[in-house]
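Below is one structure; the comments refer to it alone.
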Amino acid sequence: MKRIAVDMDEVVADVLPKFLTLFEQINGRRPTEEEYNGKKLYALPGGENLREALYQKGFFADLPLIPGAQEGIRSLLEDGHEIFFVTAAQEFRNSLEDKYDWLLQYFPNISWKNFVFCGDKSIIGTDYLIDDHAFNLRTFKGKGLLFTAPHNLNETEFTRVNNWTEVLAFFEREKQGYAINR
């Protein structure tokens with residue numbers, strides 16, 4: 001079967017609720033979806049200091065799961081795919097331990113050997129990459145899937161998957177196409 005690289009933040013780990021809470025603590029109000037759709041929260045007026053939180057130890061330790069992520073990963077594994085979690089953790093030095101522990105907690109069936117902490121995802125040699133950032137998909141040599149997040153709603157360059165149900169449907173279609181083309 002195929003090798004699939006899966007980004008962490010905004011694909012399996014939900015960063016948005018934490019950022020919304022921080023934005024509200026700093027500014028005394030929560031931004032509306034209309035304000036942040038199509039951009040990062042830290043690009044909004046009043047959000048300039050949010051990015052600093054990414055450098056703090058513990059920021060990534062308690063993120064909730066994206067709905068359906070565990071079940072989706074389990075299903076892909078049961079279908080015979082090899083899964084690698086790939087995250088650009090080096091930018092946020094203190095995130096390495098948090099992310100490693102988070103993956104062990106929520107995906108204990110994935111070997112630590114399949115955790116890739118990198119700075120540039122173009123080095124990844126899997127068949128697929130599921131990521132919320134188009135810039136990571138642009139340099140990826142395999143097939144890129146853009147996982148929907150508020151900041152990427154205006155991107156049209158890649159195959160979009162809005163949730164884990166759509167991820168599984170995509171790979172089911174790929175499997176059927178593979179069987180037909182054999």
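Chain labels A, B, ... are given in the sequence in which chains occur in the structure tokens; within each chain residues are numbered consecutively from 1, and ligands are likewise numbered from 1 in the order shown.
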
(message) I want to know what sits within 9 Å of stretch 27-35 of chain A, based on only C-alpha atoms, with residues of the same chain fewer than 3 positions away left out; could you give that as number ranges by chain?
(response) A: 20-24, 38-39, 41, 44, 46-47, 150

(request) Considering only C-alpha atoms, return as an MDAnalysis selection string whatever protein or nucleic-acid residues lie within 10 Å of stretch 103-107 of chain A, sequence-local ones (same chain, fewer than 4 positions apart) excluded. (result) chainID A and resid 8 12:13 61 64:65 69:70 73:74 85 97:99 111:112 115

File dump, residues just selected, all heavy atoms, as a CSV table (one decimal), in the first residue's frame:
```csv
chain,number,residue,atom,x,y,z
A,8,MET,N,0.6,17.5,11.8
A,8,MET,CA,0.0,17.5,13.1
A,8,MET,C,-1.0,18.7,13.2
A,8,MET,O,-2.2,18.4,13.3
A,8,MET,CB,1.0,17.6,14.2
A,8,MET,CG,1.7,16.3,14.4
A,8,MET,SD,2.8,16.3,15.9
A,8,MET,CE,1.6,16.6,17.2
A,12,VAL,N,-4.5,16.8,12.7
A,12,VAL,CA,-4.9,15.9,13.8
A,12,VAL,C,-5.0,16.6,15.1
A,12,VAL,O,-5.7,16.1,16.0
A,12,VAL,CB,-3.9,14.6,13.9
A,12,VAL,CG1,-4.0,13.8,12.6
A,12,VAL,CG2,-2.5,15.0,14.2
A,13,ALA,N,-4.2,17.7,15.3
A,13,ALA,CA,-4.2,18.4,16.6
A,13,ALA,C,-4.9,19.8,16.3
A,13,ALA,O,-4.5,20.5,15.4
A,13,ALA,CB,-2.8,18.6,17.1
A,61,ALA,N,1.1,20.7,24.3
A,61,ALA,CA,0.9,19.5,25.1
A,61,ALA,C,-0.6,19.1,25.2
A,61,ALA,O,-0.8,17.9,25.4
A,61,ALA,CB,1.5,19.8,26.5
A,64,PRO,N,-6.6,19.6,21.7
A,64,PRO,CA,-7.6,18.6,21.4
A,64,PRO,C,-7.4,18.0,20.0
A,64,PRO,O,-6.7,18.5,19.2
A,64,PRO,CB,-9.0,19.3,21.5
A,64,PRO,CG,-8.6,20.7,21.2
A,64,PRO,CD,-7.2,21.0,21.7
A,65,LEU,N,-7.9,16.8,19.9
A,65,LEU,CA,-7.9,16.1,18.6
A,65,LEU,C,-8.8,16.8,17.6
A,65,LEU,O,-9.9,17.2,17.9
A,65,LEU,CB,-8.3,14.6,18.7
A,65,LEU,CG,-7.3,13.7,19.3
A,65,LEU,CD1,-8.0,12.5,19.8
A,65,LEU,CD2,-6.4,13.3,18.1
A,69,ALA,N,-9.9,12.2,13.6
A,69,ALA,CA,-8.5,11.9,13.3
A,69,ALA,C,-8.0,10.5,13.8
A,69,ALA,O,-7.4,9.8,13.0
A,69,ALA,CB,-7.6,13.0,13.9
A,70,GLN,N,-8.3,10.1,15.0
A,70,GLN,CA,-7.9,8.8,15.5
A,70,GLN,C,-8.5,7.7,14.7
A,70,GLN,O,-7.8,6.8,14.3
A,70,GLN,CB,-8.2,8.6,17.0
A,70,GLN,CG,-7.3,9.4,17.9
A,70,GLN,CD,-7.7,9.1,19.3
A,70,GLN,OE1,-8.9,9.3,19.7
A,70,GLN,NE2,-6.7,8.8,20.2
A,73,ILE,N,-6.9,7.6,11.1
A,73,ILE,CA,-5.6,7.0,11.1
A,73,ILE,C,-5.7,5.5,11.3
A,73,ILE,O,-5.1,4.8,10.5
A,73,ILE,CB,-4.7,7.7,12.2
A,73,ILE,CG1,-4.4,9.2,11.9
A,73,ILE,CG2,-3.4,6.9,12.3
A,73,ILE,CD1,-3.7,9.4,10.6
A,74,ARG,N,-6.6,5.1,12.2
A,74,ARG,CA,-6.8,3.7,12.4
A,74,ARG,C,-7.2,3.0,11.1
A,74,ARG,O,-6.8,1.9,10.7
A,74,ARG,CB,-7.7,3.4,13.6
A,74,ARG,CG,-7.9,2.0,14.0
A,74,ARG,CD,-8.8,1.7,15.1
A,74,ARG,NE,-8.6,2.7,16.2
A,74,ARG,CZ,-9.5,3.6,16.6
A,74,ARG,NH1,-10.6,3.8,16.0
A,74,ARG,NH2,-9.2,4.4,17.6
A,85,PHE,N,3.8,10.8,10.9
A,85,PHE,CA,3.4,12.1,11.4
A,85,PHE,C,4.6,13.0,11.1
A,85,PHE,O,5.7,12.7,11.5
A,85,PHE,CB,3.0,12.1,12.8
A,85,PHE,CG,1.7,11.5,13.1
A,85,PHE,CD1,1.6,10.2,13.7
A,85,PHE,CD2,0.6,12.1,12.7
A,85,PHE,CE1,0.4,9.7,13.9
A,85,PHE,CE2,-0.7,11.5,12.9
A,85,PHE,CZ,-0.8,10.3,13.5
A,97,GLU,N,9.2,18.2,22.5
A,97,GLU,CA,8.8,17.2,23.5
A,97,GLU,C,7.2,17.2,23.6
A,97,GLU,O,6.7,16.1,23.8
A,97,GLU,CB,9.4,17.6,24.9
A,97,GLU,CG,9.1,16.6,26.0
A,97,GLU,CD,9.8,16.9,27.3
A,97,GLU,OE1,10.6,17.9,27.3
A,97,GLU,OE2,9.5,16.2,28.3
A,98,ASP,N,6.6,18.3,23.6
A,98,ASP,CA,5.1,18.4,23.7
A,98,ASP,C,4.5,17.5,22.6
A,98,ASP,O,3.6,16.7,22.8
A,98,ASP,CB,4.6,19.8,23.6
A,98,ASP,CG,4.9,20.7,24.8
A,98,ASP,OD1,5.3,20.1,25.8
A,98,ASP,OD2,4.8,21.9,24.6
A,99,LYS,N,5.0,17.7,21.3
A,99,LYS,CA,4.4,17.1,20.2
A,99,LYS,C,4.7,15.6,20.2
A,99,LYS,O,3.8,14.7,19.9
A,99,LYS,CB,4.9,17.7,18.9
A,99,LYS,CG,4.3,19.0,18.6
A,99,LYS,CD,4.8,19.6,17.3
A,99,LYS,CE,4.0,20.9,17.0
A,99,LYS,NZ,4.0,21.2,15.6
A,111,SER,N,4.5,3.8,15.5
A,111,SER,CA,5.9,3.8,16.1
A,111,SER,C,6.5,5.2,16.1
A,111,SER,O,6.3,6.0,15.2
A,111,SER,CB,6.7,2.8,15.3
A,111,SER,OG,8.1,3.0,15.6
A,112,TRP,N,7.3,5.4,17.2
A,112,TRP,CA,8.1,6.6,17.3
A,112,TRP,C,9.0,6.8,16.0
A,112,TRP,O,9.4,7.9,15.7
A,112,TRP,CB,8.9,6.7,18.5
A,112,TRP,CG,9.9,5.6,18.7
A,112,TRP,CD1,9.8,4.4,19.2
A,112,TRP,CD2,11.2,5.6,18.1
A,112,TRP,NE1,10.9,3.6,19.1
A,112,TRP,CE2,11.8,4.4,18.4
A,112,TRP,CE3,12.0,6.5,17.4
A,112,TRP,CZ2,13.1,4.0,18.1
A,112,TRP,CZ3,13.3,6.2,17.1
A,112,TRP,CH2,13.9,4.9,17.4
A,115,PHE,N,7.6,9.2,13.5
A,115,PHE,CA,7.5,10.7,13.8
A,115,PHE,C,8.6,11.4,13.1
A,115,PHE,O,9.8,11.1,13.4
A,115,PHE,CB,7.5,10.9,15.3
A,115,PHE,CG,6.5,10.2,16.2
A,115,PHE,CD1,6.7,10.2,17.5
A,115,PHE,CD2,5.4,9.5,15.6
A,115,PHE,CE1,5.7,9.5,18.4
A,115,PHE,CE2,4.5,8.9,16.4
A,115,PHE,CZ,4.7,8.9,17.8
```

(request) Find, counting only C-alpha atoms, the residue in A:Leu168, A:Ile83, A:Ile4, A:Ala88 that gets nearest to A:Asn136. (result)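 Closest residue, counting only C-alpha atoms: A:Ala88.
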
(request) as an MDAnalysis selection string, please: all residues of stretch 24-163 of chain A that backbone DSSP puts in helix (DSSP H, G or I). (result) chainID A and resid 24:27 33:36 41:43 50:55 69:78 89:91 95:106 112:114 121:123 134:138 150:152

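Using only C-alpha atoms, the nearest neighbour of A:Ala43 within the list A:Glu172, A:Phe117, A:Phe19, A:Ser95 is A:Phe19.
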
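With distances restricted to only C-alpha atoms, A:Ala134 is the closest residue to A:Glu155 from A:Ala134, A:Val11, A:Leu54, A:Val6.
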
(request) Between atom CA of A:Val86 and atom CA of A:Ala5, measure the distance and give it in Å to one decimal. (result)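 Atom CA of A:Val86 sits 6.0 Å away from atom CA of A:Ala5.
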
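The shortest atom-to-atom distance to A:Ser122, with only C-alpha atoms taken into account, belongs to A:Phe140 out of A:Phe135, A:Phe147, A:Phe60, A:Phe140.
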
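Here atom CA of A:Tyr36 is placed at a distance of 13.4 Å from atom CA of A:Leu50.
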
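Interatomic distance, atom CA of A:Val116 to atom CA of A:Phe84: 7.0 Å.
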